[in-house]
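> Quick one: this structure, given as structure tokens, is what I'll be asking you about.
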Amino acid sequence: MEHKKMKRVNLIIESDVYEKARAVAFIRKESISEIFRKAIREWMSGHFDKKAELLLSESDEHKLLKILESDEFISAEEAKKTLKS
């Protein structure tokens, strides 16, 4: 598995959720943190749209800004003429 940079968060959850996560972690021989990371990733995969993903991709933002700074753009009219020919 790829090693990703991590951030520490303080998560407050109900006691029963913690106990269930602790039991699952013990049975699967995983950390409680890994159980929650997997659950959050799974939840995000179904709840994030393309706009949210763009906001989160900082490295992509830097790449796009470089392209915008260095690329030559043409007007919409010029693009239509080019596409028609």
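Ligands are numbered from 1 in the order shown, residues from 1 within each chain, and chains are lettered A, B, ... in the order they appear in the structure tokens.
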A:Val9: which residues within 12 Å, counting only C-alpha atoms, same-chain residues fewer than 3 positions away excluded, as an MDAnalysis selection string?

chainID A and resid 6 12 33 36:37

> Rounded to one decimal place, report the atom CA of A:Ile35-atom CA of A:Glu19 distance in Å.

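Atom CA of A:Glu19 lies at a distance of 12.2 Å from atom CA of A:Ile35.
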
> So how many Å separate atom CA of A:Ile27 and atom CA of A:Glu42, to one decimal?

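Separation of atom CA of A:Ile27 and atom CA of A:Glu42: 20.0 Å.
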